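coords29.cif, holding mmCIF, C-alpha atoms:
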data_structure
loop_
_atom_site.label_atom_id
_atom_site.label_comp_id
_atom_site.auth_asym_id
_atom_site.auth_seq_id
_atom_site.Cartn_x
_atom_site.Cartn_y
_atom_site.Cartn_z
CA MET Y 10 -154.02 -12.71 46.05
CA SER Y 11 -154.56 -13.98 49.58
CA PHE Y 12 -152.77 -10.90 50.86
CA LEU Y 13 -155.10 -8.65 48.87
CA THR Y 14 -158.15 -10.32 50.34
CA ARG Y 15 -156.97 -9.83 53.93
CA ALA Y 16 -155.58 -6.31 53.84
CA THR Y 17 -157.20 -3.06 52.84
CA PHE Y 18 -155.68 -0.97 50.08
CA PRO Y 19 -154.49 1.75 52.48
CA GLU Y 20 -152.75 -0.90 54.59
CA ILE Y 21 -150.99 -2.27 51.50
CA THR Y 22 -149.95 1.24 50.54
CA MET Y 23 -148.58 1.98 54.00
CA ARG Y 24 -146.68 -1.32 54.14
CA ALA Y 25 -145.14 -0.76 50.74
CA PHE Y 26 -144.38 2.83 51.67
CA PHE Y 27 -142.64 1.76 54.87
CA VAL Y 28 -140.58 -0.87 53.01
CA LEU Y 29 -139.42 1.77 50.51
CA LEU Y 30 -138.52 4.12 53.35
CA VAL Y 31 -136.46 1.53 55.20
CA ALA Y 32 -134.79 0.39 51.99
CA GLY Y 33 -133.68 3.93 51.22
CA ALA Y 34 -132.75 4.86 54.75
CA ALA Y 35 -129.19 3.54 54.61
CA SER Y 36 -128.18 5.95 51.86
CA VAL Y 37 -130.12 8.88 53.27
CA LEU Y 38 -128.72 8.54 56.77
CA SER Y 39 -125.24 9.27 55.53
CA SER Y 40 -126.31 12.53 53.86
CA PRO Y 41 -124.39 15.53 55.17
CA SER Y 42 -127.42 17.82 54.72
CA ASP Y 43 -129.33 18.97 57.79
CA ASP Y 44 -133.08 18.66 57.29
CA VAL Y 45 -134.00 19.67 60.84
CA ILE Y 46 -136.31 22.70 60.78
CA GLU Y 47 -135.49 25.44 63.26
CA LEU Y 48 -138.62 26.28 65.26
CA THR Y 49 -139.04 29.54 67.15
CA ALA Y 50 -141.62 31.44 69.15
CA SER Y 51 -142.61 33.30 65.99
CA ASN Y 52 -143.07 30.30 63.66
CA PHE Y 53 -144.05 27.38 65.92
CA LYS Y 54 -147.79 27.88 65.70
CA THR Y 55 -147.73 28.37 61.92
CA GLU Y 56 -145.31 25.56 61.17
CA VAL Y 57 -146.48 22.93 63.68
CA ILE Y 58 -149.83 23.66 65.35
CA ASN Y 59 -151.61 24.87 62.22
CA SER Y 60 -150.02 22.22 60.04
CA ASP Y 61 -151.65 19.06 58.66
CA ASP Y 62 -148.27 17.27 58.83
CA VAL Y 63 -146.93 14.96 61.50
CA TRP Y 64 -144.07 16.62 63.40
CA MET Y 65 -141.28 15.23 65.57
CA VAL Y 66 -140.04 18.14 67.70
CA GLU Y 67 -136.98 18.20 69.95
CA PHE Y 68 -136.80 20.77 72.74
CA TYR Y 69 -133.11 21.23 73.57
CA ALA Y 70 -130.52 23.47 75.20
CA PRO Y 71 -127.18 24.17 73.47
CA TRP Y 72 -125.24 23.41 76.65
CA CYS Y 73 -126.95 20.04 77.26
CA GLY Y 74 -124.58 17.09 76.82
CA HIS Y 75 -127.38 14.63 76.04
CA CYS Y 76 -128.68 17.01 73.36
CA LYS Y 77 -125.27 17.13 71.72
CA ALA Y 78 -125.11 13.33 71.72
CA LEU Y 79 -128.55 13.14 70.11
CA ALA Y 80 -127.83 15.72 67.38
CA PRO Y 81 -126.31 13.44 64.70
CA GLU Y 82 -129.06 10.82 65.12
CA TRP Y 83 -131.72 13.54 65.00
CA ARG Y 84 -130.26 14.84 61.72
CA LYS Y 85 -130.17 11.33 60.27
CA ALA Y 86 -133.81 10.78 61.17
CA ALA Y 87 -134.76 14.13 59.63
CA ALA Y 88 -133.04 13.20 56.38
CA ALA Y 89 -134.74 9.80 56.26
CA LEU Y 90 -138.17 11.30 56.98
CA LYS Y 91 -137.88 14.18 54.51
CA GLY Y 92 -141.16 14.62 52.63
CA ILE Y 93 -142.96 12.21 54.99
CA VAL Y 94 -142.76 13.51 58.55
CA LYS Y 95 -141.33 16.88 59.50
CA VAL Y 96 -138.56 17.06 62.08
CA GLY Y 97 -137.87 20.24 64.04
CA ALA Y 98 -135.92 21.58 67.00
CA VAL Y 99 -136.55 24.37 69.52
CA ASP Y 100 -133.66 26.10 71.32
CA MET Y 101 -135.18 26.47 74.80
CA ASP Y 102 -132.49 28.91 75.90
CA ILE Y 103 -133.95 31.39 73.41
CA HIS Y 104 -137.54 30.21 72.90
CA ALA Y 105 -138.54 28.91 76.33
CA SER Y 106 -142.11 30.11 75.78
CA VAL Y 107 -142.55 27.47 73.07
CA GLY Y 108 -141.86 24.55 75.41
CA SER Y 109 -143.55 25.85 78.56
CA PRO Y 110 -147.10 24.85 77.48
CA TYR Y 111 -145.89 21.26 77.15
CA ASN Y 112 -144.24 21.11 80.62
CA VAL Y 113 -140.76 20.66 79.18
CA ARG Y 114 -138.65 20.12 82.30
CA GLY Y 115 -135.50 18.46 81.01
CA PHE Y 116 -133.41 18.28 77.85
CA PRO Y 117 -133.73 16.85 75.35
CA THR Y 118 -137.52 16.43 75.38
CA ILE Y 119 -139.08 14.99 72.22
CA LYS Y 120 -142.77 15.47 71.39
CA VAL Y 121 -144.78 13.86 68.58
CA PHE Y 122 -147.39 16.19 67.09
CA GLY Y 123 -149.68 13.83 65.21
CA ALA Y 124 -153.38 13.87 64.39
CA ASP Y 125 -154.33 15.96 67.43
CA LYS Y 126 -151.93 18.89 67.60
CA ASP Y 127 -153.45 19.97 70.91
CA SER Y 128 -152.27 16.79 72.61
CA PRO Y 129 -148.75 15.87 71.49
CA SER Y 130 -147.37 12.60 72.82
CA ASP Y 131 -144.02 12.09 74.53
CA TYR Y 132 -141.38 10.12 72.66
CA GLN Y 133 -139.90 7.60 75.10
CA GLY Y 134 -137.97 5.41 72.67
CA ALA Y 135 -134.28 4.95 72.03
CA ARG Y 136 -132.28 7.94 70.88
CA THR Y 137 -131.25 6.44 67.57
CA ALA Y 138 -132.26 7.46 64.07
CA ALA Y 139 -133.92 4.08 63.43
CA ALA Y 140 -136.07 4.26 66.57
CA ILE Y 141 -137.08 7.86 65.87
CA VAL Y 142 -138.03 6.98 62.29
CA ASP Y 143 -140.08 4.03 63.51
CA GLU Y 144 -142.06 6.22 65.93
CA ALA Y 145 -142.61 8.86 63.26
CA MET Y 146 -144.01 6.25 60.87
CA LYS Y 147 -146.44 5.02 63.51
CA ALA Y 148 -147.70 8.58 63.97
CA ALA Y 149 -148.03 8.99 60.20
CA LYS Y 150 -150.03 5.78 59.94
CA ASN Y 151 -152.33 6.90 62.75
CA LEU Y 152 -152.95 10.16 60.93
CA VAL Y 153 -153.84 8.33 57.70
CA ASN Y 154 -156.20 6.02 59.57
CA SER Y 155 -157.93 8.96 61.27
CA ARG Y 156 -158.48 10.60 57.88
CA LEU Y 157 -159.88 7.40 56.43
CA SER Y 158 -162.31 7.07 59.32
CA GLY Y 159 -163.49 10.62 58.78
CA SER Y 160 -162.56 11.76 62.28
CA GLY Y 161 -160.31 14.53 60.98
CA PHE Y 162 -157.37 15.80 62.92
CA ARG Y 163 -158.98 18.23 65.32
CA SER Y 164 -161.76 17.99 67.84
CA GLY Y 165 -163.94 21.03 67.74
CA GLY Y 166 -166.43 22.82 65.64
CA GLY Y 167 -168.48 25.73 66.86
CA SER Y 168 -170.89 25.56 69.72
CA GLY Y 169 -173.91 27.76 70.08
CA GLY Y 170 -172.36 29.48 73.07
CA SER Y 171 -168.87 29.83 71.65
CA GLY Y 172 -169.81 29.73 68.03
CA GLY Y 173 -168.15 29.88 64.66
CA LYS Y 174 -164.95 28.14 63.64
CA SER Y 175 -163.35 27.76 67.02
CA ASP Y 176 -160.85 25.86 69.10
CA VAL Y 177 -163.64 25.25 71.60
CA VAL Y 178 -164.48 21.54 71.74
CA GLU Y 179 -168.16 20.64 71.37
CA LEU Y 180 -169.14 18.41 74.30
CA THR Y 181 -172.24 16.23 74.53
CA ASP Y 182 -173.93 13.71 76.78
CA SER Y 183 -172.26 10.93 74.79
CA ASN Y 184 -168.66 12.23 74.65
CA PHE Y 185 -168.23 14.19 77.88
CA GLU Y 186 -166.92 11.34 80.00
CA GLU Y 187 -164.46 10.17 77.35
CA LYS Y 188 -163.12 13.60 76.37
CA VAL Y 189 -163.06 15.28 79.77
CA LEU Y 190 -163.28 12.87 82.69
CA ASN Y 191 -161.13 10.12 81.17
CA SER Y 192 -158.45 12.45 79.80
CA ASN Y 193 -155.27 13.65 81.48
CA ASP Y 194 -155.80 17.20 80.17
CA LEU Y 195 -156.87 20.32 82.01
CA TRP Y 196 -160.37 21.43 80.92
CA LEU Y 197 -162.50 24.54 81.30
CA VAL Y 198 -166.10 23.73 80.30
CA GLU Y 199 -168.91 26.18 79.59
CA PHE Y 200 -172.54 25.12 80.01
CA TYR Y 201 -174.66 27.48 77.91
CA ALA Y 202 -178.08 28.02 76.39
CA PRO Y 203 -178.41 29.30 72.80
CA TRP Y 204 -180.94 31.98 73.83
CA CYS Y 205 -178.80 33.31 76.72
CA GLY Y 206 -177.57 36.88 76.16
CA HIS Y 207 -174.65 36.51 78.58
CA CYS Y 208 -173.58 33.36 76.71
CA LYS Y 209 -173.63 35.20 73.39
CA ARG Y 210 -171.45 37.98 74.80
CA LEU Y 211 -169.03 35.43 76.28
CA ALA Y 212 -168.78 33.42 73.02
CA PRO Y 213 -166.08 35.44 71.18
CA GLU Y 214 -163.98 35.85 74.34
CA PHE Y 215 -164.22 32.15 75.14
CA GLY Y 216 -163.17 31.30 71.58
CA LYS Y 217 -160.17 33.66 71.74
CA ALA Y 218 -159.11 32.15 75.05
CA ALA Y 219 -159.42 28.63 73.61
CA THR Y 220 -157.02 29.54 70.80
CA GLU Y 221 -154.54 31.21 73.15
CA LEU Y 222 -154.62 28.30 75.60
CA LYS Y 223 -154.21 25.62 72.95
CA GLY Y 224 -151.77 22.99 74.14
CA LYS Y 225 -152.14 24.11 77.77
CA VAL Y 226 -155.82 23.93 78.73
CA LYS Y 227 -158.68 22.60 76.62
CA LEU Y 228 -161.88 24.63 76.47
CA GLY Y 229 -165.19 22.92 75.80
CA ALA Y 230 -168.84 23.91 75.60
CA VAL Y 231 -172.06 22.02 76.37
CA ASP Y 232 -175.46 23.11 75.06
CA ALA Y 233 -177.30 22.52 78.33
CA THR Y 234 -180.72 22.74 76.63
CA VAL Y 235 -179.88 19.71 74.47
CA HIS Y 236 -177.51 17.67 76.63
CA THR Y 237 -179.53 17.71 79.80
CA VAL Y 238 -178.08 14.53 81.31
CA ILE Y 239 -174.57 15.87 81.74
CA SER Y 240 -175.85 19.31 82.75
CA SER Y 241 -178.04 17.88 85.48
CA ARG Y 242 -175.10 15.88 86.86
CA PHE Y 243 -173.38 19.22 87.55
CA GLN Y 244 -176.59 20.86 88.79
CA VAL Y 245 -176.35 23.67 86.26
CA GLN Y 246 -178.92 26.29 87.32
CA GLY Y 247 -177.93 29.36 85.28
CA TYR Y 248 -176.11 30.29 82.10
CA PRO Y 249 -173.31 30.47 81.39
CA THR Y 250 -171.86 28.17 84.05
CA LEU Y 251 -168.13 27.44 83.80
CA LYS Y 252 -166.43 24.51 85.52
CA PHE Y 253 -162.75 23.59 85.64
CA PHE Y 254 -161.32 20.05 85.66
CA GLY Y 255 -157.73 19.39 86.70
CA ALA Y 256 -155.16 17.02 85.23
CA GLY Y 257 -155.47 13.24 85.38
CA LYS Y 258 -158.51 10.99 85.48
CA LYS Y 259 -161.47 12.80 87.01
CA SER Y 260 -164.89 12.19 88.53
CA PHE Y 261 -167.99 14.38 88.50
CA SER Y 262 -167.14 15.63 91.99
CA ASP Y 263 -163.75 16.95 90.86
CA ALA Y 264 -165.13 20.02 89.08
CA ASP Y 265 -164.18 23.47 90.44
CA GLU Y 266 -166.25 26.59 89.88
CA TYR Y 267 -164.66 29.18 87.58
CA ASP Y 268 -164.61 32.49 89.44
CA GLY Y 269 -162.63 34.66 87.04
CA GLY Y 270 -163.59 37.46 84.66
CA ARG Y 271 -165.39 37.12 81.32
CA THR Y 272 -162.77 38.51 78.92
CA ALA Y 273 -160.32 36.37 76.98
CA SER Y 274 -157.37 37.74 78.98
CA ASP Y 275 -159.20 37.01 82.26
CA ILE Y 276 -159.90 33.44 81.21
CA VAL Y 277 -156.32 32.87 80.02
CA SER Y 278 -154.83 34.35 83.20
CA TRP Y 279 -157.10 32.23 85.44
CA CYS Y 280 -156.35 29.04 83.50
CA MET Y 281 -152.59 29.65 83.45
CA SER Y 282 -152.62 29.90 87.24
CA LYS Y 283 -154.19 26.43 87.24
CA VAL Y 284 -151.50 25.20 84.83
CA GLN Y 285 -148.81 26.35 87.27
CA GLU Y 286 -150.59 24.62 90.15
CA ALA Y 287 -150.75 21.39 88.15
CA LEU Y 288 -146.98 21.21 87.64
CA PRO Y 289 -145.51 18.47 89.86
CA PRO Y 290 -142.91 19.67 92.38
CA PRO Y 291 -139.33 18.68 91.61
CA GLU Y 292 -137.70 15.83 93.49
CA VAL Y 293 -134.89 16.71 95.90
CA TYR Y 294 -132.39 13.96 95.12
CA GLU Y 295 -129.63 12.72 97.42
CA LEU Y 296 -126.21 13.05 95.80
CA THR Y 297 -125.25 9.37 95.78
CA GLU Y 298 -123.59 9.09 92.36
CA GLN Y 299 -122.27 11.15 89.46
CA GLN Y 300 -125.42 10.78 87.36
CA VAL Y 301 -127.49 12.62 89.98
CA LEU Y 302 -125.27 15.70 89.76
CA ASP Y 303 -124.98 15.51 85.96
CA GLU Y 304 -128.75 15.41 85.43
CA ALA Y 305 -129.51 18.08 88.02
CA CYS Y 306 -126.96 20.58 86.73
CA GLN Y 307 -126.56 19.80 83.02
CA GLU Y 308 -130.22 19.29 82.13
CA HIS Y 309 -131.65 22.26 84.06
CA PRO Y 310 -130.90 25.99 83.82
CA LEU Y 311 -129.83 26.07 87.50
CA CYS Y 312 -129.24 23.45 90.19
CA VAL Y 313 -129.69 23.97 93.92
CA LEU Y 314 -127.20 22.01 96.04
CA SER Y 315 -127.67 21.69 99.80
CA PHE Y 316 -125.09 20.40 102.27
CA LEU Y 317 -126.84 19.21 105.43
CA PRO Y 318 -125.21 18.54 108.82
CA ASP Y 319 -123.98 15.07 109.70
CA ILE Y 320 -126.77 12.74 110.80
CA LEU Y 321 -125.12 12.46 114.25
CA ASP Y 322 -125.61 16.21 114.70
CA THR Y 323 -129.30 16.37 113.76
CA GLY Y 324 -130.75 12.88 113.93
CA ALA Y 325 -133.40 11.72 111.50
CA GLU Y 326 -135.95 14.25 112.74
CA GLY Y 327 -133.66 17.22 112.17
CA ARG Y 328 -132.60 16.05 108.72
CA ASN Y 329 -136.20 15.44 107.69
CA GLN Y 330 -137.06 18.99 108.75
CA TYR Y 331 -134.32 20.34 106.48
CA LEU Y 332 -135.54 18.16 103.59
CA ALA Y 333 -139.13 19.28 104.14
CA THR Y 334 -137.99 22.90 103.87
CA LEU Y 335 -136.17 22.18 100.60
CA LYS Y 336 -139.13 20.29 99.15
CA GLY Y 337 -141.48 23.13 100.07
CA LEU Y 338 -139.25 25.64 98.30
CA GLY Y 339 -138.95 23.29 95.33
CA GLU Y 340 -142.76 23.41 95.10
CA LYS Y 341 -142.73 27.21 95.26
CA TYR Y 342 -140.13 27.58 92.50
CA LYS Y 343 -141.23 24.60 90.41
CA ASN Y 344 -141.98 26.72 87.35
CA LYS Y 345 -138.27 27.66 87.19
CA ASN Y 346 -137.33 24.07 86.21
CA TRP Y 347 -134.35 23.94 88.58
CA GLY Y 348 -132.60 20.76 89.63
CA TRP Y 349 -132.44 20.02 93.39
CA VAL Y 350 -129.91 17.80 95.21
CA TRP Y 351 -128.60 17.39 98.74
CA THR Y 352 -125.74 15.62 100.48
CA ALA Y 353 -124.36 15.28 104.00
CA ALA Y 354 -121.55 17.43 105.34
CA GLY Y 355 -118.12 16.35 104.12
CA GLN Y 356 -119.51 13.45 102.10
CA GLN Y 357 -118.77 15.08 98.74
CA ALA Y 358 -115.61 17.05 99.45
CA LYS Y 359 -114.79 17.77 95.79
CA VAL Y 360 -118.23 19.24 95.19
CA GLU Y 361 -117.88 21.47 98.25
CA GLU Y 362 -114.44 22.57 97.08
CA ALA Y 363 -115.65 23.38 93.56
CA LEU Y 364 -118.43 25.57 94.96
CA GLY Y 365 -116.27 27.19 97.63
CA ILE Y 366 -118.48 25.93 100.45
CA GLY Y 367 -115.63 25.69 102.97
CA GLY Y 368 -115.88 28.17 105.81
CA PHE Y 369 -119.65 28.56 105.70
CA GLY Y 370 -120.41 25.71 108.08
CA TYR Y 371 -123.37 23.38 107.84
CA PRO Y 372 -126.06 23.47 106.67
CA ALA Y 373 -124.99 25.29 103.51
CA LEU Y 374 -126.61 25.93 100.13
CA SER Y 375 -125.29 26.94 96.73
CA VAL Y 376 -126.92 27.52 93.34
CA LEU Y 377 -124.91 26.54 90.28
CA ASN Y 378 -125.31 27.77 86.71
CA TYR Y 379 -123.28 25.09 84.99
CA ARG Y 380 -123.65 26.63 81.53
CA LYS Y 381 -121.95 29.82 82.74
CA LYS Y 382 -119.72 27.94 85.22
CA VAL Y 383 -120.68 30.27 88.11
CA SER Y 384 -122.32 29.72 91.49
CA MET Y 385 -123.94 31.74 94.27
CA THR Y 386 -123.75 30.65 97.91
CA LEU Y 387 -126.30 31.36 100.63
CA LYS Y 388 -124.75 33.62 103.26
CA GLY Y 389 -127.88 34.13 105.33
CA SER Y 390 -130.01 31.86 107.47
CA PHE Y 391 -130.65 28.29 106.34
CA SER Y 392 -134.35 28.63 107.07
CA LYS Y 393 -137.42 28.70 104.87
CA GLU Y 394 -137.45 32.49 104.95
CA GLY Y 395 -133.70 32.88 104.50
CA ILE Y 396 -133.45 30.44 101.59
CA ASN Y 397 -136.56 31.89 99.95
CA GLU Y 398 -135.10 35.41 100.04
CA PHE Y 399 -131.87 34.08 98.55
CA LEU Y 400 -133.62 32.11 95.78
CA ARG Y 401 -135.85 35.05 94.95
CA ALA Y 402 -132.72 37.11 94.30
CA VAL Y 403 -131.20 34.30 92.25
CA ALA Y 404 -134.38 34.05 90.14
CA VAL Y 405 -134.05 37.68 89.02
CA GLY Y 406 -130.28 37.53 88.55
CA ARG Y 407 -129.27 39.52 91.64
CA GLY Y 408 -126.34 38.70 93.92
CA SER Y 409 -122.62 38.11 93.54
CA THR Y 410 -121.36 35.02 91.75
CA GLU Y 411 -118.18 33.01 91.99
CA LYS Y 412 -116.42 31.10 89.25
CA LEU Y 413 -116.82 27.33 89.44
CA ARG Y 414 -113.49 25.84 90.46
CA GLY Y 415 -112.35 23.28 87.92
CA GLU Y 416 -113.13 22.67 84.26
CA GLY Y 417 -116.35 20.67 84.56
CA LEU Y 418 -118.64 19.29 87.17
CA PRO Y 419 -116.70 17.92 90.15
CA SER Y 420 -116.48 14.18 90.56
CA VAL Y 421 -118.93 12.55 92.95
CA VAL Y 422 -118.06 9.74 95.34
CA ALA Y 423 -120.57 6.88 95.13
CA VAL Y 424 -122.22 6.48 98.53
CA GLU Y 425 -125.12 4.53 99.99
CA ALA Y 426 -128.38 6.46 100.20
CA TRP Y 427 -129.47 7.57 103.66
CA ASP Y 428 -131.70 4.90 105.21
CA GLY Y 429 -133.91 7.44 106.95
CA LYS Y 430 -132.72 6.43 110.42
CA ASP Y 431 -130.81 8.17 113.19
CA GLY Y 432 -127.03 7.94 113.09
CA VAL Y 433 -125.11 5.42 115.18
CA LEU Y 434 -121.78 6.18 116.80
CA PRO Y 435 -118.99 3.85 115.65
CA GLU Y 436 -118.09 1.17 118.17
CA GLU Y 437 -114.84 1.74 120.07
CA ASP Y 438 -112.22 -1.02 120.12
CA ASP Y 439 -112.19 -2.99 123.40
CA ILE Y 440 -108.82 -3.05 125.21
CA ASP Y 441 -107.91 -6.51 126.61
CA LEU Y 442 -106.23 -6.13 130.03
CA SER Y 443 -106.14 -9.84 130.88
CA ASP Y 444 -102.36 -10.15 130.20
CA PHE Y 445 -101.44 -6.98 132.05
CA ASP Y 446 -99.74 -7.78 135.45
CA MET Y 447 -100.05 -4.87 137.83
CA ASP Y 448 -97.78 -6.56 140.43
CA ASP Y 449 -94.87 -6.85 137.97
CA ASP Y 450 -95.12 -3.12 137.20
CA GLU Y 451 -95.07 -2.22 140.89
CA ASP Y 452 -91.96 -4.40 141.54
CA ALA Y 453 -90.20 -2.88 138.51
CA GLY Y 454 -90.79 0.56 139.95
CA LYS Y 455 -89.17 -0.39 143.26
CA ASP Y 456 -86.06 -1.75 141.53
CA GLU Y 457 -85.60 1.56 139.73
CA LEU Y 458 -85.81 3.45 142.96
#

Mind turning the file's structure into C-alpha cells?
Amino acid sequence: MSFLTRATFPEITMRAFFVLLVAGAASVLSSPSDDVIELTASNFKTEVINSDDVWMVEFYAPWCGHCKALAPEWRKAAAALKGIVKVGAVDMDIHASVGSPYNVRGFPTIKVFGADKDSPSDYQGARTAAAIVDEAMKAAKNLVNSRLSGSGFRSGGGSGGSGGKSDVVELTDSNFEEKVLNSNDLWLVEFYAPWCGHCKRLAPEFGKAATELKGKVKLGAVDATVHTVISSRFQVQGYPTLKFFGAGKKSFSDADEYDGGRTASDIVSWCMSKVQEALPPPEVYELTEQQVLDEACQEHPLCVLSFLPDILDTGAEGRNQYLATLKGLGEKYKNKNWGWVWTAAGQQAKVEEALGIGGFGYPALSVLNYRKKVSMTLKGSFSKEGINEFLRAVAVGRGSTEKLRGEGLPSVVAVEAWDGKDGVLPEEDDIDLSDFDMDDDEDAGKDEL
C-alpha cells in the first residue's frame, strides 16, 4: 500500500507495462519476422508526422557498413516494440528528400519522433536492441505524461493573422522567449493585427508555408494588438511584420527582417535558403588512421581526398592556404553531404595507388564514390577556381571516372597529425675525422710511386 500512496496510477501502469515488455523481450528478440516499417517520400508524412504514435526512425544507406551492422539489432528492437512504439527505416539513396529537413549528414542516423513531431530528437545511445528499446520507452512515457498534463502533442492552434487549424504556432508575451529565443530551431515570426487587410490576405499563404516547412523552419504568429510587450521589443510599426530567427539560442537583437514575397512558395523558398545557410560546413580531416577514411568514404555519398605537397615544400603558411581553400569549398558544397580528407604527399602511398594519383604531381585531388568503386581525379589547376569547376562537374555527374584499384578501401598507415608548424630538415650525421692521419696517407702515396 505504501507504493500506492507514493505513485500515481499512470506511473504504476507504466512501470508494470515496462516490466511486462522487458520480461517478454527475450522471446520476441529471437523472432525471425521483420517489423521495421519501410518509410518513403510518399508515406513519411502520413505515417510519422501526422501520427499520434511514437516513432523510432533510422535513416540509412544500403552500402553503409555501420547500417548493415545495426540491421539485426534494429529488427530485434522493432519486434520487441511492436504495438507500443513504431520502428521505421528510410533508404536515403532513394528517399533523400525525407532526411534532408532533419540535416541527416551521416549513416545511420536515428531520430525519435515523440510528442512534438516537428522537433524529433537525436538518438545517441548504444546500437543494441536493448538500448533502442529503452530510449523508445522513455519517449512513450513522455508522450503519456504530456497527454495527462493536457499539453497535447503539438504546439499551435490558429492565430488571427494565420487563422484556422494551422501549423502556425501561436506566440504570446509569456511564451515567446521560451519557444523562440531559447530554442535551437529556425523561426519565422509574423506580427499581425486582426483588423489588418494585408494580414488577412497573408494568412492562408503563411499557413500553407508552415505546413510545407514543418520539420525545417517553425512559423509563428503574434497578435501585436494583444501582446504589446514583445511587439514593442521589436519596434513593430506596421502589419504584417515578419522577422526571422536563426538556429541556436538567440537574443532580441538577432532577428533579421524578412524581405521575401507574400505567397506560400515565396516564403518556403526564402526559408529554405536560410536552412542551407544554417548547415555547418564539413570538417576537412587529416588522414591519420583508417577510421578517418572509412567514415569519410563509407558514410557519405562521395568523399573528396586531397594530397598536399610535403611540408618542406610549402611550409606551414602554404599548407594552411591549401587547407583554407578546401574548407571554403566544403562550405560551398556542404549541402551535398560529402566527406573531406587530406594527407601529405607520399604519406599514404596505398591510397594514392588505389586512386591512380601517381603522375599528377602535388597537390592533387580525387573524388571517390565508394559505393560504385569509381573515382575522378582533378586534372586542372589546384586553385579555388579550378577545384570548384571540377567539383561542379562532379556534382552533376559529368567527367570521366576510373575504377578503384583493389577490392575495398585501401589500407591507411597510422601517422601523427600535423602539428601546424613548418617542417624541419633531418639532421645529417657528423663525420668524425679525429682518427684520420693525413701524413700517413701522403707517405703511403710516395711508397706506391

Contacts of range 181-194 of chain Y at 7 Å (all atoms listed in the file; same-chain gap of 3+ positions) as a list in words: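 Listed by chain and then number, they are Val226, Val231, His236, Val238, Ile239, Ala256, Gly257, Lys258, Lys259 and Ser260 of chain Y.
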
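Close contacts of Leu317 in chain Y, defined as residues with an atom at most 6 Å away when counting all atoms listed in the file, with chain neighbours fewer than 3 positions off set aside, comprise Y:Ala353, Y:Ala354, Y:Tyr371, Y:Pro372.
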
Selection: 8 Å around range 277-286 of chain Y, all atoms listed in the file, excl. self and same-chain fewer than 4 positions, as a short mmCIF file (atom, residue, chain, number, x, y, z; two decimals) with C-alpha atoms, keeping the file's coordinate frame:
data_model
loop_
_atom_site.label_atom_id
_atom_site.label_comp_id
_atom_site.auth_asym_id
_atom_site.auth_seq_id
_atom_site.Cartn_x
_atom_site.Cartn_y
_atom_site.Cartn_z
CA LEU Y 195 -156.87 20.32 82.01
CA LEU Y 197 -162.50 24.54 81.30
CA ALA Y 218 -159.11 32.15 75.05
CA GLU Y 221 -154.54 31.21 73.15
CA LEU Y 222 -154.62 28.30 75.60
CA LYS Y 225 -152.14 24.11 77.77
CA VAL Y 226 -155.82 23.93 78.73
CA GLY Y 255 -157.73 19.39 86.70
CA GLY Y 269 -162.63 34.66 87.04
CA ALA Y 273 -160.32 36.37 76.98
CA ASN Y 344 -141.98 26.72 87.35
#

query: In terms of the shortest atom-to-atom distance over all atoms listed in the file, which of Y:Leu364, Y:Leu374, Y:Val198, Y:Val235 is closest to Phe215 in chain Y?
result: Y:Val198

message: Please determine, counting all atoms listed in the file, which residue among Y:Val360, Y:Pro291, Y:Ala135, Y:Glu298 has the shortest atom-to-atom distance to Leu314 in chain Y.
response: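 With all atoms listed in the file as the atom set, the closest residue is Y:Val360.
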
Please provide as a PDB file with C-alpha atoms, in the frame of the given file all residues within 12 Å of Tyr331 in chain Y, with the sequence filter that same-chain residues fewer than 6 positions apart are discarded (counting all atoms listed in the file).
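Final file, around_19.pdb:
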ATOM      1  CA  VAL Y 293    -134.890  16.710  95.900  1.00  0.00           C
ATOM      2  CA  SER Y 315    -127.670  21.690  99.800  1.00  0.00           C
ATOM      3  CA  PHE Y 316    -125.090  20.400 102.270  1.00  0.00           C
ATOM      4  CA  LEU Y 317    -126.840  19.210 105.430  1.00  0.00           C
ATOM      5  CA  PRO Y 318    -125.210  18.540 108.820  1.00  0.00           C
ATOM      6  CA  ILE Y 320    -126.770  12.740 110.800  1.00  0.00           C
ATOM      7  CA  THR Y 323    -129.300  16.370 113.760  1.00  0.00           C
ATOM      8  CA  GLY Y 324    -130.750  12.880 113.930  1.00  0.00           C
ATOM      9  CA  ALA Y 325    -133.400  11.720 111.500  1.00  0.00           C
ATOM     10  CA  GLY Y 337    -141.480  23.130 100.070  1.00  0.00           C
ATOM     11  CA  LEU Y 338    -139.250  25.640  98.300  1.00  0.00           C
ATOM     12  CA  TRP Y 351    -128.600  17.390  98.740  1.00  0.00           C
ATOM     13  CA  THR Y 352    -125.740  15.620 100.480  1.00  0.00           C
ATOM     14  CA  ALA Y 353    -124.360  15.280 104.000  1.00  0.00           C
ATOM     15  CA  TYR Y 371    -123.370  23.380 107.840  1.00  0.00           C
ATOM     16  CA  PRO Y 372    -126.060  23.470 106.670  1.00  0.00           C
ATOM     17  CA  ALA Y 373    -124.990  25.290 103.510  1.00  0.00           C
ATOM     18  CA  LEU Y 374    -126.610  25.930 100.130  1.00  0.00           C
ATOM     19  CA  PHE Y 391    -130.650  28.290 106.340  1.00  0.00           C
ATOM     20  CA  SER Y 392    -134.350  28.630 107.070  1.00  0.00           C
ATOM     21  CA  LYS Y 393    -137.420  28.700 104.870  1.00  0.00           C
ATOM     22  CA  ILE Y 396    -133.450  30.440 101.590  1.00  0.00           C
TER      23      ILE Y 396
END

task: Find the residue from Y:Ala86, Y:Val153, Y:Met101, Y:Ala139 that sits nearest to Gly115 in chain Y; use only C-alpha atoms when measuring.
output: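 Among the listed residues, the smallest separation from Gly115 in chain Y belongs to Y:Met101.
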
- prompt: So which residues get picked by the PyMOL selection byres ((chain Y and resi 128) around 12) here, written as a list in words?
  reply: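 After applying the PyMOL selection byres ((chain Y and resi 128) around 12), what remains is Ile58, Pro110, Tyr111, Lys120, Val121, Phe122, Gly123, Ala124, Asp125, Lys126, Asp127, Pro129, Ser130, Asp131, Phe162, Arg163, Ser164, Lys188, Ser192, Asn193, Asp194, Leu195, Lys223, Gly224, Lys225, Val226 and Lys227 of chain Y.
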
- prompt: Smallest atom-to-atom distance to Lys343 in chain Y: which of Y:Thr410, Y:Asn112, Y:Gln307, Y:Gln300, using only C-alpha atoms?
  reply: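 Checking each of Y:Thr410, Y:Asn112, Y:Gln307, Y:Gln300 against Lys343 in chain Y, counting only C-alpha atoms, the winner is Y:Asn112.
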